[in-house]
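Heads up, the thing below is written out as structure tokens.
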Amino acid sequence: MKLSDLKEESSKIIDEASKEINNVNETASLNEFKNKFLGKKSSLTDFYSKMKEVIASERKDFGLVLTSLRDKLNSLYDEKEKKLKEEKLKKKMLAEKVDITLPGRDMLLGSKHPNEIIIDDITSYLMSLGFSVEEGPEVESDLNNFELVNIPKDHPSRDMQDSFSINENTVLRSHTSCIQARVMKKMNGTYPVKIICPGKVYRRDNDATHSHEFFQCEGLVIGEHVTMSHLLETLTLLLKHLFGEKREVRFRPSYFPFTEPSIEVDISCAECNGKGCNLCKHTGFIEVLGAGMVHPNVLRMNGYDDKKVSAYAFGIGIDRVAMLKYKIEDIKNFYTGDINFLKQFVKE
Ligand code: PHE
């Protein structure tokens, strides 16, 4: 076959392909085009097979014609494929158009629970006085919750805290004082110890100011020459920080099995300024915490030499502080998850 004829045939194929590609407007017909012009049984393969009919001296030139035919067909195909893809994307984007003039959805910002606000306040204040924070589990052994803080089984002082039992040896902790036993065990007779432990506690209690679940923050300081005056000063600073400089702080002798001597601490009623009203049951003062010098039995049972070291401890009721600070009458508000109640504590 003559090279000139082959050249003519090649341009015919190109002409035909160029026409057909114009009619291609979807992937299916693009595939047909591919089969017809580039596939196994295509015009291009036919053209290849003509090689054997070309005389040896013209084969090189035929090769060039062949390559340019192949390149042209491929480029027709590639261009169309690209165009179809672009069109598809364009259509998709048009269909998925976002209306940026629509107003956005409001994100409701949550708030800290009032107890959490008080815990954060107390911990950051006491940390500034050198305390560090410890934690313990809410499900606690009878040993830590009672025995190691000097409340033996069958002792009448157990009645002060009516607890929930999981089994004979396990309770929902009824106070954070159990953390004292945990910390002392960990410290293994070493000191100084200066810790606070905020956390949830449980008792069988139920009235406007008592709930079966509530929060406390324990404090424990162990060292040489730790005295009651250290305790009184720390508590005075803390309570004035929480309730304001104007509040009077009052200490009363009291009884706890794990402290000797023991005290209870009141602040003057903010409602009536100490004159007496319903809130303070006409006493002018409101009780906020229990405290005392750690009983020598507790120190000894937990691996400390009570001749060498002394310690003080206190336990403050978080809910009580929150109720007084935010004038909340019923403690149940803290535990019902009522959004309207909690919204009041959103920081502006
Ligand atoms: N654990 C006591 C209570 O829950 C409070 C307290 C703690 C008293 C530490 C003295 C010392 O009532």
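Chain labels A, B, ... are given in the sequence in which chains occur in the structure tokens; within each chain residues are numbered consecutively from 1, and ligands are likewise numbered from 1 in the order shown.
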For this session: Apply DSSP to the backbone of this structure and, from region 123-330 of chain A, keep only the residues in alpha helix (DSSP H); write these as an NGL selection string.
Result: :A and (123-128 or 142-145 or 178-187 or 228-243 or 296-301 or 318-326)
Exercise. Counting only C-alpha atoms, what is within 9 Å of region 149-161 of chain A, bar same-chain residues fewer than 2 positions away, as a VMD selection string?
Worked result: chain A and resid 143 to 147 163 174 to 175 177 to 178 180 to 181 203 to 204 256 to 259 295 297 to 299 301 to 302
For this session: Could I get the residue neighbourhood of ligand 1 at 8 Å, counting only C-alpha atoms and all ligand atoms, as a VMD selection string?
Result: chain A and resid 160 to 161 174 to 177 216 218 to 220 256 258 to 259 262 to 264 289 to 294 312 to 317
For this session: Identify all residues of region 21-164 of chain A in strand (DSSP E) (DSSP on the backbone) and supply them as a ChimeraX atom specification.
Result: /A:132-133,139-141
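CA of Met228 (chain A) is found 15.2 Å from CA of Asp306 (chain A).
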Determine, using only C-alpha atoms, which residues of region 34-125 of chain A have any atom at most 10 Å from an atom of region 325-347 of chain A, and tabulate each with its shortest atom pair and distance in Å to one decimal place, rows ordered by chain and then rising number, as JSON lines.
```
{"residue": "A:Leu109", "atom": "CA", "partner": "A:Val346", "partner_atom": "CA", "distance": 7.9}
{"residue": "A:Gly110", "atom": "CA", "partner": "A:Val346", "partner_atom": "CA", "distance": 6.9}
{"residue": "A:Ser111", "atom": "CA", "partner": "A:Val346", "partner_atom": "CA", "distance": 4.7}
{"residue": "A:Lys112", "atom": "CA", "partner": "A:Phe345", "partner_atom": "CA", "distance": 6.8}
{"residue": "A:His113", "atom": "CA", "partner": "A:Leu342", "partner_atom": "CA", "distance": 6.6}
{"residue": "A:Pro114", "atom": "CA", "partner": "A:Phe345", "partner_atom": "CA", "distance": 6.8}
{"residue": "A:Asn115", "atom": "CA", "partner": "A:Phe334", "partner_atom": "CA", "distance": 7.8}
{"residue": "A:Ile117", "atom": "CA", "partner": "A:Phe345", "partner_atom": "CA", "distance": 9.0}
{"residue": "A:Ile118", "atom": "CA", "partner": "A:Lys325", "partner_atom": "CA", "distance": 9.2}
```
I need the chosen residues saved as a compact mmCIF listing (two decimals), in the first residue's frame, with C-alpha atoms.
```
# COMPACT_ATOMS: atom_id res chain seq x y z
CA LEU A 109 -23.73 27.28 75.43
CA GLY A 110 -23.77 25.12 78.55
CA SER A 111 -22.86 26.39 81.99
CA LYS A 112 -20.90 25.14 84.92
CA HIS A 113 -23.00 23.53 87.61
CA PRO A 114 -23.12 25.74 90.72
CA ASN A 115 -21.39 23.01 92.73
CA ILE A 117 -18.24 26.69 90.37
CA ILE A 118 -17.78 26.42 94.14
```
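Closest to Tyr48 (chain A) among A:Leu73, A:Val24, A:Leu66, A:Leu102 is A:Leu66, based on only C-alpha atoms.
Note that CA of Gly199 (chain A) and CA of Arg247 (chain A) are 25.9 Å apart.
Each of A:Tyr304, A:Leu129, A:Pro137, A:Glu86 was checked against His230 (chain A) using only C-alpha atoms; the smallest atom-to-atom distance is that of A:Leu129.
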For this session: Give me the residues within 6 Å of Glu140 (chain A) as a list in words, counting only C-alpha atoms and dropping any in the same chain fewer than 3 places off.
Result: Thr170, Val171, Leu172 and Arg173 of chain A
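The two atoms in question, CA of Val201 (chain A) and CA of Val183 (chain A), are spaced 17.4 Å apart.
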Problem set entry | Proximity to Ala56 (chain A) - best of A:Phe285, A:Ile195, A:Met1, A:Thr236, only C-alpha atoms | A:Met1
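Here the question is which of A:Asp99, A:Lys200, A:Ser42, A:Asp121 gets nearest to His212 (chain A) using only C-alpha atoms, and that residue is A:Lys200.
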Exercise. Counting only C-alpha atoms, which of A:Ser18, A:Ser49, A:Asn35, A:Ser10 gets nearest to Arg70 (chain A)?
Worked result: A:Ser10
Problem set entry | Non-local contacts of Gly244 (chain A) (12 Å; only C-alpha atoms; under 4 positions in same chain excluded) as a ChimeraX atom specification | /A:236-240,248-249,267-270,325
Those selected residues, please, written with N, CA and C atoms and delivered as an mmCIF file, in the first residue's frame.
```cif
data_model
loop_
_atom_site.group_PDB
_atom_site.id
_atom_site.type_symbol
_atom_site.label_atom_id
_atom_site.label_comp_id
_atom_site.auth_asym_id
_atom_site.auth_seq_id
_atom_site.Cartn_x
_atom_site.Cartn_y
_atom_site.Cartn_z
ATOM 1 N N THR A 236 -10.694 30.586 108.356
ATOM 2 C CA THR A 236 -11.161 31.975 108.311
ATOM 3 C C THR A 236 -10.856 32.593 106.949
ATOM 4 N N LEU A 237 -9.633 32.358 106.470
ATOM 5 C CA LEU A 237 -9.262 32.904 105.154
ATOM 6 C C LEU A 237 -10.195 32.352 104.074
ATOM 7 N N LEU A 238 -10.417 31.036 104.125
ATOM 8 C CA LEU A 238 -11.234 30.401 103.092
ATOM 9 C C LEU A 238 -12.662 30.940 103.119
ATOM 10 N N LEU A 239 -13.252 31.028 104.313
ATOM 11 C CA LEU A 239 -14.654 31.450 104.399
ATOM 12 C C LEU A 239 -14.820 32.928 104.027
ATOM 13 N N LYS A 240 -13.836 33.738 104.385
ATOM 14 C CA LYS A 240 -13.939 35.154 103.986
ATOM 15 C C LYS A 240 -13.770 35.281 102.478
ATOM 16 N N GLU A 248 -18.851 37.208 109.565
ATOM 17 C CA GLU A 248 -18.137 36.797 110.772
ATOM 18 C C GLU A 248 -18.005 35.288 110.771
ATOM 19 N N VAL A 249 -16.866 34.779 111.244
ATOM 20 C CA VAL A 249 -16.681 33.330 111.293
ATOM 21 C C VAL A 249 -16.708 32.908 112.762
ATOM 22 N N ILE A 267 -20.876 30.782 109.699
ATOM 23 C CA ILE A 267 -20.647 32.175 109.272
ATOM 24 C C ILE A 267 -21.895 32.981 109.596
ATOM 25 N N SER A 268 -21.710 34.270 109.816
ATOM 26 C CA SER A 268 -22.873 35.091 110.141
ATOM 27 C C SER A 268 -23.795 35.141 108.936
ATOM 28 N N CYS A 269 -25.087 35.149 109.220
ATOM 29 C CA CYS A 269 -26.091 35.054 108.161
ATOM 30 C C CYS A 269 -26.080 36.320 107.297
ATOM 31 N N ALA A 270 -25.937 36.101 105.967
ATOM 32 C CA ALA A 270 -25.850 37.252 105.065
ATOM 33 C C ALA A 270 -27.224 37.888 104.877
ATOM 34 N N LYS A 325 -24.540 31.018 98.783
ATOM 35 C CA LYS A 325 -24.007 32.027 97.860
ATOM 36 C C LYS A 325 -25.035 32.443 96.820
#
```
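For the choices A:Ile21, A:Val309, A:Met93, A:Cys197, the atom-to-atom distance to Val226 (chain A) is smallest for A:Val309 when using only C-alpha atoms.
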For this session: Please provide as a PyMOL selection string all residues within 12 Å of Leu44 (chain A), with the sequence filter that same-chain residues fewer than 3 positions apart are discarded (counting only C-alpha atoms).
Result: chain A and resi 9-14+17+33-41+47-51+65-74
Kindly export the residues of the current selection with N, CA, C and O atoms, as a tab-separated table (two decimals), in the first residue's frame.
```tsv
chain	number	residue	atom	x	y	z
A	9	GLU	N	-5.99	7.94	4.52
A	9	GLU	CA	-6.90	7.14	5.37
A	9	GLU	C	-6.85	7.63	6.82
A	9	GLU	O	-7.87	7.76	7.49
A	10	SER	N	-5.63	7.92	7.24
A	10	SER	CA	-5.46	8.40	8.62
A	10	SER	C	-6.25	9.70	8.83
A	10	SER	O	-6.96	9.86	9.84
A	11	SER	N	-6.14	10.64	7.84
A	11	SER	CA	-6.89	11.89	8.06
A	11	SER	C	-8.39	11.67	7.99
A	11	SER	O	-9.15	12.35	8.70
A	12	LYS	N	-8.81	10.67	7.22
A	12	LYS	CA	-10.24	10.37	7.22
A	12	LYS	C	-10.70	9.90	8.61
A	12	LYS	O	-11.74	10.32	9.11
A	13	ILE	N	-9.89	9.00	9.17
A	13	ILE	CA	-10.24	8.49	10.52
A	13	ILE	C	-10.33	9.67	11.50
A	13	ILE	O	-11.27	9.80	12.28
A	14	ILE	N	-9.34	10.57	11.38
A	14	ILE	CA	-9.34	11.72	12.29
A	14	ILE	C	-10.59	12.58	12.07
A	14	ILE	O	-11.25	12.98	13.03
A	17	ALA	N	-13.52	10.80	13.57
A	17	ALA	CA	-13.47	10.83	15.04
A	17	ALA	C	-13.82	12.22	15.57
A	17	ALA	O	-14.57	12.36	16.54
A	33	PHE	N	-17.19	5.57	21.83
A	33	PHE	CA	-16.14	6.22	21.03
A	33	PHE	C	-14.80	5.51	21.24
A	33	PHE	O	-14.07	5.22	20.29
A	34	LYS	N	-14.52	5.21	22.48
A	34	LYS	CA	-13.25	4.58	22.81
A	34	LYS	C	-13.12	3.21	22.12
A	34	LYS	O	-12.09	2.89	21.52
A	35	ASN	N	-14.22	2.45	22.20
A	35	ASN	CA	-14.19	1.13	21.56
A	35	ASN	C	-13.96	1.26	20.06
A	35	ASN	O	-13.18	0.52	19.46
A	36	LYS	N	-14.67	2.22	19.49
A	36	LYS	CA	-14.63	2.34	18.03
A	36	LYS	C	-13.26	2.81	17.51
A	36	LYS	O	-12.75	2.29	16.52
A	37	PHE	N	-12.66	3.78	18.22
A	37	PHE	CA	-11.44	4.36	17.67
A	37	PHE	C	-10.15	3.92	18.37
A	37	PHE	O	-9.08	4.00	17.78
A	38	LEU	N	-10.26	3.47	19.63
A	38	LEU	CA	-9.02	3.18	20.36
A	38	LEU	C	-8.94	1.75	20.93
A	38	LEU	O	-7.88	1.32	21.36
A	39	GLY	N	-10.08	1.05	20.93
A	39	GLY	CA	-10.13	-0.28	21.56
A	39	GLY	C	-9.45	-1.35	20.72
A	39	GLY	O	-8.76	-1.05	19.74
A	40	LYS	N	-9.69	-2.63	21.13
A	40	LYS	CA	-9.01	-3.76	20.48
A	40	LYS	C	-9.40	-3.93	19.01
A	40	LYS	O	-8.58	-4.30	18.19
A	41	LYS	N	-10.72	-3.70	18.78
A	41	LYS	CA	-11.16	-3.87	17.38
A	41	LYS	C	-11.45	-2.52	16.73
A	41	LYS	O	-12.44	-2.35	16.03
A	47	PHE	N	-5.53	0.05	11.52
A	47	PHE	CA	-4.48	0.82	10.88
A	47	PHE	C	-3.10	0.23	11.16
A	47	PHE	O	-2.26	0.14	10.29
A	48	TYR	N	-2.92	-0.22	12.42
A	48	TYR	CA	-1.66	-0.88	12.81
A	48	TYR	C	-1.37	-2.05	11.87
A	48	TYR	O	-0.26	-2.25	11.42
A	49	SER	N	-2.44	-2.83	11.62
A	49	SER	CA	-2.25	-4.07	10.87
A	49	SER	C	-1.81	-3.81	9.42
A	49	SER	O	-1.33	-4.70	8.74
A	50	LYS	N	-1.94	-2.53	9.03
A	50	LYS	CA	-1.53	-2.21	7.65
A	50	LYS	C	-0.01	-2.19	7.51
A	50	LYS	O	0.52	-2.12	6.40
A	51	MET	N	0.67	-2.20	8.62
A	51	MET	CA	2.14	-2.14	8.63
A	51	MET	C	2.76	-3.16	7.67
A	51	MET	O	3.68	-2.84	6.91
A	65	VAL	N	3.12	8.39	10.88
A	65	VAL	CA	1.69	8.63	10.64
A	65	VAL	C	0.84	7.93	11.71
A	65	VAL	O	-0.09	8.50	12.30
A	66	LEU	N	1.27	6.70	12.00
A	66	LEU	CA	0.56	5.89	13.00
A	66	LEU	C	0.57	6.57	14.38
A	66	LEU	O	-0.47	6.71	15.04
A	67	THR	N	1.73	7.03	14.79
A	67	THR	CA	1.84	7.66	16.11
A	67	THR	C	0.99	8.92	16.18
A	67	THR	O	0.29	9.17	17.17
A	68	SER	N	1.03	9.71	15.10
A	68	SER	CA	0.26	10.95	15.20
A	68	SER	C	-1.24	10.66	15.20
A	68	SER	O	-2.02	11.33	15.86
A	69	LEU	N	-1.64	9.60	14.44
A	69	LEU	CA	-3.06	9.20	14.49
A	69	LEU	C	-3.46	8.79	15.92
A	69	LEU	O	-4.47	9.24	16.46
A	70	ARG	N	-2.61	7.97	16.52
A	70	ARG	CA	-2.91	7.49	17.88
A	70	ARG	C	-2.98	8.67	18.87
A	70	ARG	O	-3.92	8.79	19.65
A	71	ASP	N	-2.00	9.57	18.74
A	71	ASP	CA	-1.99	10.71	19.67
A	71	ASP	C	-3.22	11.58	19.49
A	71	ASP	O	-3.83	12.04	20.46
A	72	LYS	N	-3.61	11.79	18.26
A	72	LYS	CA	-4.76	12.65	17.99
A	72	LYS	C	-6.04	12.04	18.59
A	72	LYS	O	-6.83	12.71	19.27
A	73	LEU	N	-6.19	10.69	18.31
A	73	LEU	CA	-7.40	10.03	18.84
A	73	LEU	C	-7.42	10.07	20.38
A	73	LEU	O	-8.45	10.36	21.00
A	74	ASN	N	-6.25	9.80	20.96
A	74	ASN	CA	-6.19	9.85	22.43
A	74	ASN	C	-6.52	11.24	22.96
A	74	ASN	O	-7.22	11.40	23.94
```
